[in-house]
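Engineer: Take a look at entry.cif, mmCIF, C-alpha atoms and all ligand atoms:
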```
data_protein
loop_
_atom_site.label_atom_id
_atom_site.label_comp_id
_atom_site.auth_asym_id
_atom_site.auth_seq_id
_atom_site.Cartn_x
_atom_site.Cartn_y
_atom_site.Cartn_z
CA MET A 155 116.15 105.57 88.21
CA SER A 156 115.96 101.80 88.35
CA ALA A 157 115.46 100.06 91.62
CA LEU A 158 118.99 98.72 91.56
CA ALA A 159 120.43 102.13 90.77
CA ALA A 160 118.49 103.58 93.70
CA PHE A 161 119.80 100.90 95.94
CA THR A 162 123.36 101.41 94.78
CA VAL A 163 123.08 105.11 95.48
CA LEU A 164 121.72 104.36 98.92
CA ALA A 165 124.49 101.88 99.62
CA HIS A 166 127.09 104.35 98.43
CA TYR A 167 125.57 107.00 100.67
CA LEU A 168 125.69 104.70 103.63
CA THR A 169 129.18 103.38 103.15
CA THR A 170 130.94 106.59 102.21
CA VAL A 171 129.06 109.70 103.24
CA THR A 172 128.15 108.89 106.80
CA ALA A 173 131.25 108.44 108.88
CA ALA A 174 129.22 109.36 111.95
CA PRO A 175 126.57 107.10 113.47
CA VAL A 176 123.63 106.58 111.16
CA PRO A 177 121.70 109.81 110.94
CA PHE A 178 118.18 109.46 112.16
CA GLY A 179 116.91 111.75 109.45
CA PHE A 180 117.83 108.72 107.47
CA SER A 181 114.27 107.46 107.64
CA ASP A 182 113.34 110.34 105.34
CA ILE A 183 115.59 108.96 102.66
CA VAL A 184 114.19 105.54 103.19
CA ASP A 185 110.62 106.77 103.00
CA GLY A 186 111.44 108.20 99.62
CA ILE A 187 112.58 104.89 98.21
CA GLY A 188 110.34 102.72 100.36
CA ASP A 189 108.13 101.82 97.45
CA LEU A 190 111.14 100.40 95.66
CA PHE A 191 111.55 97.66 98.21
CA ASP A 192 109.67 95.09 96.26
CA GLY A 193 110.36 91.78 94.63
CA ASP A 194 111.98 93.39 91.59
CA LEU A 195 114.49 95.19 93.73
CA ILE A 196 115.36 92.09 95.67
CA GLU A 197 115.78 90.17 92.43
CA SER A 198 118.09 92.79 90.94
CA LEU A 199 120.04 92.97 94.13
CA LEU A 200 120.55 89.24 94.36
CA SER A 201 121.55 88.92 90.76
CA ASP A 202 123.93 91.87 91.15
CA ASP A 203 125.53 90.08 94.11
CA GLN A 204 126.23 86.86 92.24
CA ASP A 205 129.74 87.70 91.04
CA THR A 206 130.91 88.85 94.46
CA VAL A 207 129.36 85.84 96.08
CA ALA A 208 131.19 83.57 93.64
CA SER A 209 134.51 85.35 94.19
CA LYS A 210 134.26 85.20 97.99
CA ALA A 211 132.90 81.70 98.28
CA VAL A 212 135.03 79.51 100.50
CA SER A 213 133.39 76.35 99.32
CA SER A 214 130.38 74.69 97.86
CA VAL A 215 130.97 71.55 99.86
CA ILE A 216 128.21 70.01 101.92
CA SER A 217 129.81 68.93 105.18
CA GLY A 218 127.17 66.41 106.03
CA THR A 219 123.62 65.91 107.07
CA LEU A 220 122.02 66.57 110.36
CA SER A 221 122.48 64.34 113.34
CA PRO A 222 119.05 63.04 114.32
CA ASP A 223 119.61 64.39 117.88
CA LEU A 224 119.55 67.97 116.69
CA LEU A 225 116.33 67.75 114.68
CA PRO A 226 113.95 67.85 117.69
CA ASP A 227 115.67 71.06 118.89
CA ILE A 228 115.51 72.63 115.43
CA LEU A 229 111.79 71.86 115.32
CA TYR A 230 111.10 72.96 118.87
CA PHE A 231 112.78 76.34 118.53
CA ALA A 232 111.02 76.97 115.22
CA GLU A 233 107.85 76.83 117.35
CA PHE A 234 109.32 79.38 119.75
CA SER A 235 110.29 81.61 116.83
CA GLY A 236 106.70 81.41 115.63
CA ALA A 237 105.42 82.10 119.15
CA ALA A 238 107.22 85.45 119.15
CA TYR A 239 104.73 86.63 116.51
CA CYS A 240 101.85 85.76 118.83
CA ASP A 241 102.52 88.68 121.10
CA PRO A 242 100.65 90.42 122.75
CA LYS A 243 98.86 87.22 123.74
CA ASN A 244 101.95 86.20 125.63
CA THR A 245 101.67 88.39 128.70
CA PRO A 246 104.10 87.86 131.58
CA GLY A 247 103.09 85.18 134.05
CA GLN A 248 100.90 83.42 131.50
CA ARG A 249 101.49 80.37 129.39
CA VAL A 250 102.86 80.85 125.91
CA SER A 251 100.08 80.27 123.40
CA CYS A 252 99.80 80.52 119.64
CA THR A 253 97.27 80.15 116.87
CA GLU A 254 96.78 76.58 115.78
CA GLY A 255 99.79 74.73 114.44
CA VAL A 256 102.42 77.32 115.37
CA CYS A 257 103.58 76.07 118.77
CA PRO A 258 101.78 72.86 119.80
CA THR A 259 104.74 71.36 121.67
CA VAL A 260 105.49 74.61 123.47
CA GLN A 261 101.86 74.77 124.59
CA ALA A 262 101.86 71.14 125.71
CA ASN A 263 104.98 71.85 127.75
CA ASN A 264 103.26 74.65 129.71
CA VAL A 265 105.93 77.22 129.00
CA THR A 266 105.58 80.44 131.00
CA THR A 267 106.17 83.93 129.62
CA ILE A 268 108.43 85.81 132.02
CA ALA A 269 108.93 89.07 130.17
CA GLU A 270 107.76 90.54 126.93
CA PHE A 271 108.95 93.53 125.00
CA ASP A 272 106.81 95.04 122.35
CA ASP A 273 107.03 97.90 119.91
CA THR A 274 110.13 99.48 121.31
CA GLN A 275 110.49 103.06 120.29
CA GLU A 276 112.71 103.16 117.24
CA THR A 277 112.88 99.65 115.90
CA ASP A 278 109.72 97.81 116.99
CA THR A 279 111.81 95.04 118.58
CA THR A 280 109.36 92.47 119.87
CA GLY A 281 109.72 89.17 121.64
CA ILE A 282 109.46 87.21 124.84
CA VAL A 283 111.63 85.63 127.49
CA ALA A 284 110.12 82.33 128.59
CA ARG A 285 110.77 79.63 131.17
CA ASP A 286 110.27 76.05 130.05
CA ASP A 287 110.25 73.78 133.12
CA THR A 288 109.50 70.71 131.03
CA THR A 289 112.73 70.85 129.02
CA LYS A 290 114.56 73.01 131.61
CA THR A 291 115.29 75.78 129.19
CA ILE A 292 115.30 79.57 129.33
CA VAL A 293 114.19 80.74 125.89
CA ILE A 294 114.60 84.23 124.47
CA THR A 295 112.74 84.63 121.19
CA PHE A 296 112.41 87.54 118.78
CA ARG A 297 109.76 88.26 116.20
CA GLY A 298 110.51 89.27 112.63
CA SER A 299 109.36 92.75 111.82
CA GLN A 300 105.67 93.11 111.33
CA SER A 301 105.78 96.26 109.34
CA LEU A 302 107.85 97.99 106.74
CA ARG A 303 108.82 100.40 109.51
CA ASN A 304 110.64 97.59 111.19
CA TRP A 305 112.33 96.40 108.03
CA LEU A 306 113.62 99.90 107.50
CA ALA A 307 115.91 99.26 110.41
CA ASN A 308 117.41 96.60 108.19
CA VAL A 309 118.27 99.20 105.61
CA GLN A 310 120.69 100.80 108.04
CA LEU A 311 123.37 98.98 106.17
CA LEU A 312 126.22 100.98 107.55
CA PHE A 313 128.51 98.89 109.72
CA LYS A 314 129.00 99.73 113.34
CA ASP A 315 132.35 98.80 114.93
CA VAL A 316 131.94 96.40 117.81
CA PRO A 317 135.48 95.98 119.22
CA GLU A 318 134.02 94.43 122.36
CA TYR A 319 133.68 91.25 120.27
CA CYS A 320 136.83 91.29 118.18
CA ASN A 321 139.32 93.51 116.47
CA GLY A 322 137.67 94.40 113.17
CA CYS A 323 134.24 93.07 114.14
CA GLN A 324 131.50 95.09 112.51
CA VAL A 325 127.76 94.67 112.71
CA HIS A 326 124.73 95.98 110.80
CA THR A 327 123.80 99.24 112.49
CA GLY A 328 120.06 98.69 112.20
CA PHE A 329 120.15 95.20 113.69
CA HIS A 330 122.42 96.44 116.43
CA GLU A 331 119.99 99.27 117.28
CA ALA A 332 117.18 96.75 117.40
CA PHE A 333 119.23 94.49 119.67
CA LEU A 334 120.07 97.39 122.00
CA GLU A 335 116.41 98.30 122.37
CA GLY A 336 115.39 94.85 123.54
CA PHE A 337 118.47 93.96 125.54
CA PRO A 338 117.83 95.66 128.93
CA THR A 339 114.53 93.78 129.30
CA VAL A 340 116.08 90.55 128.08
CA LEU A 341 119.07 90.79 130.39
CA ALA A 342 117.01 91.59 133.50
CA ALA A 343 114.63 88.68 132.91
CA PHE A 344 117.44 86.31 131.93
CA THR A 345 119.59 87.20 134.94
CA SER A 346 116.89 86.45 137.49
CA LEU A 347 115.75 83.31 135.68
CA LYS A 348 119.30 81.99 135.52
CA ALA A 349 119.84 82.74 139.23
CA GLU A 350 116.68 80.79 140.09
CA ASN A 351 117.37 77.96 137.63
CA PRO A 352 121.13 77.55 137.34
CA ASP A 353 120.78 74.10 135.75
CA TYR A 354 118.63 75.32 132.85
CA ARG A 355 120.17 75.75 129.42
CA THR A 356 119.71 79.04 127.56
CA VAL A 357 118.45 79.25 123.98
CA VAL A 358 118.11 82.40 121.89
CA THR A 359 116.00 82.14 118.75
CA GLY A 360 114.07 84.06 116.13
CA HIS A 361 112.84 84.17 112.55
CA SER A 362 113.95 86.69 109.91
CA LEU A 363 114.84 90.04 111.51
CA GLY A 364 114.20 88.20 114.78
CA GLY A 365 117.02 85.83 113.82
CA ALA A 366 119.40 88.74 113.33
CA ILE A 367 118.53 90.22 116.72
CA ALA A 368 118.81 86.76 118.28
CA THR A 369 122.32 86.36 116.84
CA ILE A 370 123.56 89.61 118.38
CA THR A 371 121.77 88.91 121.67
CA ALA A 372 123.38 85.46 121.94
CA THR A 373 126.77 87.00 121.18
CA GLU A 374 126.36 89.60 123.91
CA LEU A 375 125.13 87.05 126.48
CA ARG A 376 128.18 84.91 125.67
CA ARG A 377 130.46 87.92 126.08
CA LEU A 378 128.93 88.36 129.54
CA GLY A 379 130.02 84.81 130.37
CA ASN A 380 126.94 82.72 129.64
CA GLU A 381 126.68 79.51 127.64
CA VAL A 382 124.03 80.11 125.00
CA GLN A 383 122.65 78.07 122.12
CA LEU A 384 121.45 79.96 119.07
CA PHE A 385 118.80 78.80 116.59
CA THR A 386 117.87 81.18 113.77
CA TYR A 387 115.40 80.70 110.91
CA GLY A 388 115.71 82.69 107.71
CA SER A 389 118.05 85.21 109.31
CA PRO A 390 119.69 87.90 107.17
CA ARG A 391 123.45 88.38 107.41
CA VAL A 392 124.34 90.38 110.54
CA GLY A 393 127.93 91.50 110.13
CA ASN A 394 131.23 91.47 108.27
CA ALA A 395 133.54 88.51 107.84
CA ALA A 396 135.34 89.12 111.14
CA MET A 397 132.06 89.32 113.06
CA ALA A 398 130.65 86.22 111.38
CA ALA A 399 133.84 84.26 112.12
CA PHE A 400 133.85 85.45 115.71
CA ILE A 401 130.27 84.29 116.29
CA THR A 402 131.00 81.01 114.51
CA SER A 403 134.00 80.34 116.75
CA ALA A 404 131.80 80.29 119.86
CA GLY A 405 130.05 77.15 118.58
CA ASN A 406 126.46 76.17 119.32
CA ASN A 407 125.04 78.15 116.41
CA SER A 408 122.34 76.62 114.22
CA ARG A 409 121.53 78.92 111.33
CA ILE A 410 118.60 77.36 109.54
CA THR A 411 117.74 78.35 105.97
CA HIS A 412 115.09 77.08 103.57
CA ILE A 413 115.48 76.38 99.84
CA ASP A 414 115.63 79.77 98.02
CA ASP A 415 114.48 82.02 100.85
CA PRO A 416 115.85 85.43 99.71
CA VAL A 417 116.21 86.95 103.19
CA PRO A 418 119.39 85.05 104.19
CA ARG A 419 120.96 86.43 100.98
CA LEU A 420 120.67 89.95 102.35
CA PRO A 421 122.38 92.30 102.99
CA PRO A 422 124.54 91.50 99.98
CA VAL A 423 128.07 90.15 100.09
CA PHE A 424 129.20 93.06 97.88
CA LEU A 425 128.61 95.25 100.94
CA GLU A 426 131.01 92.98 102.87
CA TYR A 427 128.39 90.98 104.74
CA GLU A 428 129.07 87.32 105.57
CA HIS A 429 127.22 84.60 107.43
CA VAL A 430 127.58 82.77 110.70
CA SER A 431 128.09 79.03 110.24
CA PRO A 432 127.18 76.27 110.24
CA GLU A 433 124.18 76.67 108.03
CA PHE A 434 121.51 73.99 108.12
CA HIS A 435 119.89 74.21 104.70
CA ILE A 436 116.44 72.64 104.40
CA THR A 437 116.11 71.41 100.85
CA ARG A 438 112.41 70.56 100.77
CA GLY A 439 109.19 72.53 101.04
CA ASP A 440 107.28 70.12 103.20
CA SER A 441 106.83 70.46 106.96
CA ASN A 442 107.67 66.81 107.55
CA ILE A 443 111.41 67.47 107.52
CA GLN A 444 113.78 64.56 108.10
CA PRO A 445 117.54 64.66 108.83
CA GLN A 446 118.33 63.74 105.21
CA ASP A 447 116.45 66.86 104.02
CA ILE A 448 118.94 69.14 105.78
CA ASN A 449 122.48 69.82 104.50
CA ILE A 450 125.20 71.31 106.67
CA LEU A 451 127.47 74.01 105.24
CA GLU A 452 130.51 75.68 106.82
CA GLY A 453 132.06 79.08 106.14
CA GLY A 454 130.95 82.68 105.72
CA VAL A 455 130.05 82.37 102.02
CA ASN A 456 129.25 78.82 100.96
CA LEU A 457 127.60 78.10 97.64
CA GLY A 458 126.38 74.68 98.71
CA GLY A 459 123.36 76.02 100.60
CA ASN A 460 120.90 78.91 100.40
CA THR A 461 123.57 81.37 99.20
CA GLY A 462 124.32 79.37 96.07
CA GLY A 463 120.72 78.79 95.03
CA SER A 464 118.83 80.45 92.23
CA ALA A 465 119.19 84.22 92.32
CA ILE A 466 116.24 84.69 90.03
CA SER A 467 113.46 83.31 92.13
CA VAL A 468 112.34 85.40 95.06
CA ASP A 469 110.80 82.54 96.97
CA ILE A 470 108.67 84.31 99.54
CA LEU A 471 106.96 81.12 100.58
CA ALA A 472 110.32 79.61 101.48
CA HIS A 473 110.79 82.49 103.90
CA LEU A 474 107.42 81.90 105.51
CA HIS A 475 107.70 78.14 105.85
CA TYR A 476 110.17 76.86 108.39
CA LEU A 477 109.47 73.31 109.55
CA LEU A 478 105.97 74.04 110.88
CA PRO A 479 102.78 72.89 109.13
CA VAL A 480 101.68 76.54 109.04
CA VAL A 481 103.32 79.85 108.14
CA ILE A 482 105.85 80.61 110.92
CA SER A 483 104.53 84.17 111.30
CA ASP A 484 100.93 82.94 111.28
CA CYS A 485 100.02 84.74 114.51
CA GLY A 486 101.16 88.03 113.01
CA GLY A 487 99.67 87.71 109.54
CA LEU A 488 102.19 88.32 106.84
CA GLY A 489 104.90 89.13 109.26
CA ASP A 490 107.77 91.00 107.80
CA LEU A 491 107.03 90.49 104.16
CA ASP A 492 105.88 93.99 103.40
CA ILE A 493 109.35 94.48 102.04
CA PHE A 494 108.49 92.38 99.04
CA GLY A 495 105.54 94.54 98.10
CA LYS A 496 103.63 91.89 96.27
CA VAL A 497 103.12 89.39 99.01
CA LYS A 498 100.46 86.74 98.87
CA ASN A 499 99.90 84.25 101.63
C1 LIG A 501 100.44 71.20 131.64
O1 LIG A 501 99.33 71.65 132.42
C2 LIG A 501 98.18 70.81 132.33
C3 LIG A 501 97.05 71.50 133.06
O2 LIG A 501 97.47 72.06 134.27
C4 LIG A 501 98.54 69.44 132.93
O3 LIG A 501 97.44 68.57 132.81
C5 LIG A 501 99.73 68.86 132.13
O4 LIG A 501 100.14 67.63 132.72
C6 LIG A 501 100.90 69.82 132.12
N1 LIG A 501 101.93 69.32 131.24
C7 LIG A 501 103.22 69.31 131.58
C8 LIG A 501 104.16 68.76 130.56
O5 LIG A 501 103.64 69.76 132.63
C1 LIG A 502 126.59 73.81 123.52
O1 LIG A 502 125.60 73.97 124.49
C2 LIG A 502 125.33 72.80 125.25
C3 LIG A 502 124.18 73.11 126.17
O2 LIG A 502 124.38 74.31 126.89
C4 LIG A 502 126.58 72.38 126.00
O3 LIG A 502 126.34 71.19 126.70
C5 LIG A 502 127.73 72.21 125.02
O4 LIG A 502 128.91 71.95 125.72
C6 LIG A 502 127.91 73.45 124.18
N1 LIG A 502 128.91 73.22 123.15
C7 LIG A 502 129.87 74.10 122.90
C8 LIG A 502 130.77 73.75 121.75
O5 LIG A 502 130.00 75.12 123.54
#
```
Output the file's structure as structure tokens, nothing else.
Ligand SMILES: *[C@@H]1O[C@H](CO)[C@@H](O)[C@H](O)[C@H]1NC(C)=O
Ligand SMILES: *[C@@H]1O[C@H](CO)[C@@H](O)[C@H](O)[C@H]1NC(C)=O
Structural biologist:
Amino acid sequence: MSALAAFTVLAHYLTTVTAAPVPFGFSDIVDGIGDLFDGDLIESLLSDDQDTVASKAVSSVISGTLSPDLLPDILYFAEFSGAAYCDPKNTPGQRVSCTEGVCPTVQANNVTTIAEFDDTQETDTTGIVARDDTTKTIVITFRGSQSLRNWLANVQLLFKDVPEYCNGCQVHTGFHEAFLEGFPTVLAAFTSLKAENPDYRTVVTGHSLGGAIATITATELRRLGNEVQLFTYGSPRVGNAAMAAFITSAGNNSRITHIDDPVPRLPPVFLEYEHVSPEFHITRGDSNIQPQDINILEGGVNLGGNTGGSAISVDILAHLHYLLPVVISDCGGLGDLDIFGKVKN
């Protein structure tokens, strides 16, 4: 069976056979095809998705380039997304610290770790809640998955209904599980921080799987009445069109993608996944990113950015490089790239 055929069978299984919540014996199935999750599979998958992507595209129009005001934030929260990989160095009560080049500004700002969550039981959800007195910000940041085990949560492609957000809103079951595992710790730390620092803004951020968990966490914090800004880097799609539109309508979302990073092209549009917008698409490989290097795209499926790029190249390096002079997951080695099988640094 080809990789794509195996994937199609899996997808069919998930979308038709399991009406009930995702079976946890599911990991057995995944173990069996785990070795198929390599670059070839991703390539077949992306090329298989091209027709659906084209038919669902709302636009290929670039709405504009970045306002220079937003660039410092996009850079700063990339550092925080990288810092999430530096756990378990970031123990509560201590300053956030990273290996060289990952979070220099965060370190200079003496940011304090308030809570950390690490290797939660099912999904390995990992991250920190931090208090930044220099910029008066409460930051919640999630790591991408460090192991294939964690990425397997991403293969829980079955949608879960989340009517608490909107009628018809559906979210990726695996990402939602991962969100649920981290959320009690996040909420407790956030609630007391916000009570002590009511004038601080709240930012939720993360890279890769961490970006997906950040997106759901921000959505839940907003539902609970909080104003939250979201910055994600190389996030996969998290839900269906209704969910994506609902999150988009809240505003204050910055979904950052990089050239042909394959991760934001997953899960595929043919399984009904769409993206939160706007997308800020970085069109260069360098770390010295300027406003003119970033295009802004609107809509759930827009061919003007990452989604419309080459489906043939699985550009792993584009997934690892987000604005920083080093690999964003540098503290955690190769981060979540086990999924591609043939990863080189
Ligand atoms: C961070 O802490 C160091 C050492 O305590 C201090 O010298 C520096 O001024 C602090 N920086 C900020 C931005 O608070
Ligand atoms: C976005 O967040 C900032 C900071 O919390 C806030 O000032 C602004 O009003 C928010 N914008 C929207 C559209 O909610």
Engineer: Give me, as CSV, the closest atom pair and its distance (Å, one decimal) for every residue of chain A within a cut-off of 12 Å of ligand LIG 501 (chain A), counting all atoms listed in the file, rows sorted by chain and rising number.
Structural biologist:
```
residue,atom,partner,partner_atom,distance
A:Gln248,CA,A:LIG501,O1,11.9
A:Arg249,CA,A:LIG501,O1,9.5
A:Val250,CA,A:LIG501,C1,11.5
A:Pro258,CA,A:LIG501,C8,11.8
A:Thr259,CA,A:LIG501,C8,9.3
A:Val260,CA,A:LIG501,C8,9.3
A:Gln261,CA,A:LIG501,C1,8.0
A:Ala262,CA,A:LIG501,N1,5.8
A:Asn263,CA,A:LIG501,C8,4.3
A:Asn264,CA,A:LIG501,C1,4.9
A:Val265,CA,A:LIG501,C1,8.6
A:Thr266,CA,A:LIG501,C1,10.6
A:Asp286,CA,A:LIG501,O5,9.5
A:Asp287,CA,A:LIG501,O5,7.8
A:Thr288,CA,A:LIG501,C8,5.7
A:Thr289,CA,A:LIG501,C8,9.0
A:Lys290,CA,A:LIG501,C8,11.3
```
Engineer: Using all atoms listed in the file, find each residue in chain A having at least one atom no more than 10 Å away from ligand LIG 502 (chain A); report its shortest atom-to-atom pair and that distance in Å (one decimal), rows by chain then rising number, as a tab-separated table.
Structural biologist:
```
residue	atom	partner	partner_atom	distance
A:Thr291	CA	A:LIG502	O2	9.5
A:Asp353	CA	A:LIG502	O2	9.6
A:Tyr354	CA	A:LIG502	O2	8.3
A:Arg355	CA	A:LIG502	O2	5.1
A:Thr356	CA	A:LIG502	O2	6.7
A:Val357	CA	A:LIG502	O2	8.2
A:Asn380	CA	A:LIG502	O2	9.2
A:Glu381	CA	A:LIG502	O2	5.7
A:Val382	CA	A:LIG502	O2	6.1
A:Gln383	CA	A:LIG502	O1	5.6
A:Leu384	CA	A:LIG502	O1	9.1
A:Ser403	CA	A:LIG502	C8	8.9
A:Ala404	CA	A:LIG502	O5	6.6
A:Gly405	CA	A:LIG502	C8	4.7
A:Asn406	CA	A:LIG502	C1	4.8
A:Asn407	CA	A:LIG502	C1	8.5
```
Engineer: So which residues touch range 295-300 of chain A within 6 Å, counting all atoms listed in the file, skipping near sequence neighbours fewer than 2 positions away, as a list in words?
Structural biologist: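 Residues meeting the cut-off are Ser235, Ala238, Tyr239, Thr280, Gly281, Ile282, Asn304, Val358, Thr359, Gly360, His361, Ser362, Leu363, Gly364, Gly489 and Asp490 of chain A.
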Engineer: Identify which of the residues A:Ala332, A:Ile216, A:Leu378, A:Ile443 lies closest to Gly459 in chain A, counting all atoms listed in the file when measuring atom-to-atom distances.
Structural biologist: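 The shortest atom-to-atom distance to Gly459 in chain A comes from A:Ile216.
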Engineer: CA of Pro479 in chain A and CA of Asn442 in chain A, how far apart in Å?
Structural biologist: 8.0 Å
Engineer: Quick one, how far is CA of Ala211 in chain A from CA of Thr371 in chain A?
Structural biologist: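 Interatomic distance here is 26.9 Å.
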Engineer: Could you please determine the separation between CA of Ile268 in chain A and CA of Leu341 in chain A in Å, to one decimal place?
Structural biologist: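 Here the two named atoms are 11.9 Å from each other.
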Engineer: Which polymer residues have any atom within 10 Å of an atom of Phe434 in chain A, counting only C-alpha atoms, with same-chain residues fewer than 5 positions away left out, as a short mmCIF file (atom, residue, chain, number, x, y, z; two decimals) with C-alpha atoms, in the frame of the given file?
Structural biologist:
```cif
data_model
loop_
_atom_site.label_atom_id
_atom_site.label_comp_id
_atom_site.auth_asym_id
_atom_site.auth_seq_id
_atom_site.Cartn_x
_atom_site.Cartn_y
_atom_site.Cartn_z
CA ILE A 216 128.21 70.01 101.92
CA GLY A 218 127.17 66.41 106.03
CA THR A 219 123.62 65.91 107.07
CA LEU A 220 122.02 66.57 110.36
CA ILE A 228 115.51 72.63 115.43
CA THR A 386 117.87 81.18 113.77
CA TYR A 387 115.40 80.70 110.91
CA ASN A 407 125.04 78.15 116.41
CA SER A 408 122.34 76.62 114.22
CA ARG A 409 121.53 78.92 111.33
CA ILE A 410 118.60 77.36 109.54
CA THR A 411 117.74 78.35 105.97
CA HIS A 412 115.09 77.08 103.57
CA ASP A 447 116.45 66.86 104.02
CA ILE A 448 118.94 69.14 105.78
CA ASN A 449 122.48 69.82 104.50
CA ILE A 450 125.20 71.31 106.67
CA LEU A 451 127.47 74.01 105.24
CA GLU A 452 130.51 75.68 106.82
CA GLY A 459 123.36 76.02 100.60
CA ASN A 460 120.90 78.91 100.40
#
```
Engineer: Would you pick out the contacts of Gly454 in chain A at 10 Å or less, using only C-alpha atoms, so that residues sharing its chain but fewer than 2 positions from it are not included, and give the list as an mmCIF file with C-alpha atoms, in the coordinates of the input?
Structural biologist:
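Output saved as out12.cif:
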```
data_model
loop_
_atom_site.group_PDB
_atom_site.id
_atom_site.type_symbol
_atom_site.label_atom_id
_atom_site.label_comp_id
_atom_site.auth_asym_id
_atom_site.auth_seq_id
_atom_site.Cartn_x
_atom_site.Cartn_y
_atom_site.Cartn_z
ATOM 1 C CA LYS A 210 134.260 85.200 97.990
ATOM 2 C CA ALA A 211 132.900 81.700 98.280
ATOM 3 C CA VAL A 212 135.030 79.510 100.500
ATOM 4 C CA SER A 213 133.390 76.350 99.320
ATOM 5 C CA ARG A 391 123.450 88.380 107.410
ATOM 6 C CA ASN A 394 131.230 91.470 108.270
ATOM 7 C CA ALA A 395 133.540 88.510 107.840
ATOM 8 C CA ALA A 396 135.340 89.120 111.140
ATOM 9 C CA MET A 397 132.060 89.320 113.060
ATOM 10 C CA ALA A 398 130.650 86.220 111.380
ATOM 11 C CA ALA A 399 133.840 84.260 112.120
ATOM 12 C CA THR A 402 131.000 81.010 114.510
ATOM 13 C CA VAL A 423 128.070 90.150 100.090
ATOM 14 C CA TYR A 427 128.390 90.980 104.740
ATOM 15 C CA GLU A 428 129.070 87.320 105.570
ATOM 16 C CA HIS A 429 127.220 84.600 107.430
ATOM 17 C CA VAL A 430 127.580 82.770 110.700
ATOM 18 C CA SER A 431 128.090 79.030 110.240
ATOM 19 C CA PRO A 432 127.180 76.270 110.240
ATOM 20 C CA GLU A 433 124.180 76.670 108.030
ATOM 21 C CA LEU A 451 127.470 74.010 105.240
ATOM 22 C CA GLU A 452 130.510 75.680 106.820
ATOM 23 C CA ASN A 456 129.250 78.820 100.960
ATOM 24 C CA LEU A 457 127.600 78.100 97.640
ATOM 25 C CA THR A 461 123.570 81.370 99.200
#
```
Engineer: Which is closer to Gly393 in chain A than all the others in A:Tyr319, A:Phe333, A:Phe313, A:Phe424, using all atoms listed in the file?
Structural biologist: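 Going through A:Tyr319, A:Phe333, A:Phe313, A:Phe424 one by one, the smallest distance to Gly393 in chain A is for A:Phe313.
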Engineer: With all atoms listed in the file as the atoms that count, which of A:Pro445, A:Asp414, A:His435, A:Asp440 lies nearest to Gly463 in chain A?
Structural biologist: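 Smallest distance to Gly463 in chain A is found for A:Asp414.
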Engineer: Compute the distance from (111.5, 70.7, 110.5) to each atom, counting only C-alpha atoms, keep the residues with any atom at most 6 Å away, and return them as a compact mmCIF listing (two decimals) with C-alpha atoms, keeping the file's coordinate frame; use the coordinates of the file.
Structural biologist:
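After the write, out_16.txt holds the following:
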```txt
# COMPACT_ATOMS: atom_id res chain seq x y z
CA LEU A 229 111.79 71.86 115.32
CA SER A 441 106.83 70.46 106.96
CA ILE A 443 111.41 67.47 107.52
CA LEU A 477 109.47 73.31 109.55
```
Engineer: Which residue is closest to Pro421 in chain A? Choose from A:Cys323, A:Leu311, A:Ala349, A:Ala284 and count all atoms listed in the file.
Structural biologist: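 For Pro421 in chain A, the nearest of the given residues is A:Leu311.
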Engineer: With all atoms of range 370-387 of chain A from the file as input, state the centre and edge lengths in Å to one decimal of the axis-aligned box that has 4 Å extra on each side, as lines of an AutoDock Vina configuration file.
Structural biologist:
```
center_x = 122.9
center_y = 83.8
center_z = 120.6
size_x = 23.1
size_y = 19.5
size_z = 27.5
```
Engineer: Which of these, A:Thr206, A:Thr369, A:Ser214, A:Thr279, has the shortest distance to Glu331 in chain A once you count all atoms listed in the file?
Structural biologist: A:Thr279
Engineer: Show me, as a PyMOL selection string, the residues that have an atom within 7 Å of Ala237 in chain A when counting all atoms listed in the file, minus same-chain residues fewer than 2 positions from it.
Structural biologist: chain A and resi 233-235+239-240+252+256-257
Engineer: Store the residues picked out above, limited to C-alpha atoms, as a compact mmCIF listing (two decimals), in the frame of the given file.
Structural biologist:
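out30.txt written:
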```txt
# COMPACT_ATOMS: atom_id res chain seq x y z
CA GLU A 233 107.85 76.83 117.35
CA PHE A 234 109.32 79.38 119.75
CA SER A 235 110.29 81.61 116.83
CA TYR A 239 104.73 86.63 116.51
CA CYS A 240 101.85 85.76 118.83
CA CYS A 252 99.80 80.52 119.64
CA VAL A 256 102.42 77.32 115.37
CA CYS A 257 103.58 76.07 118.77
```
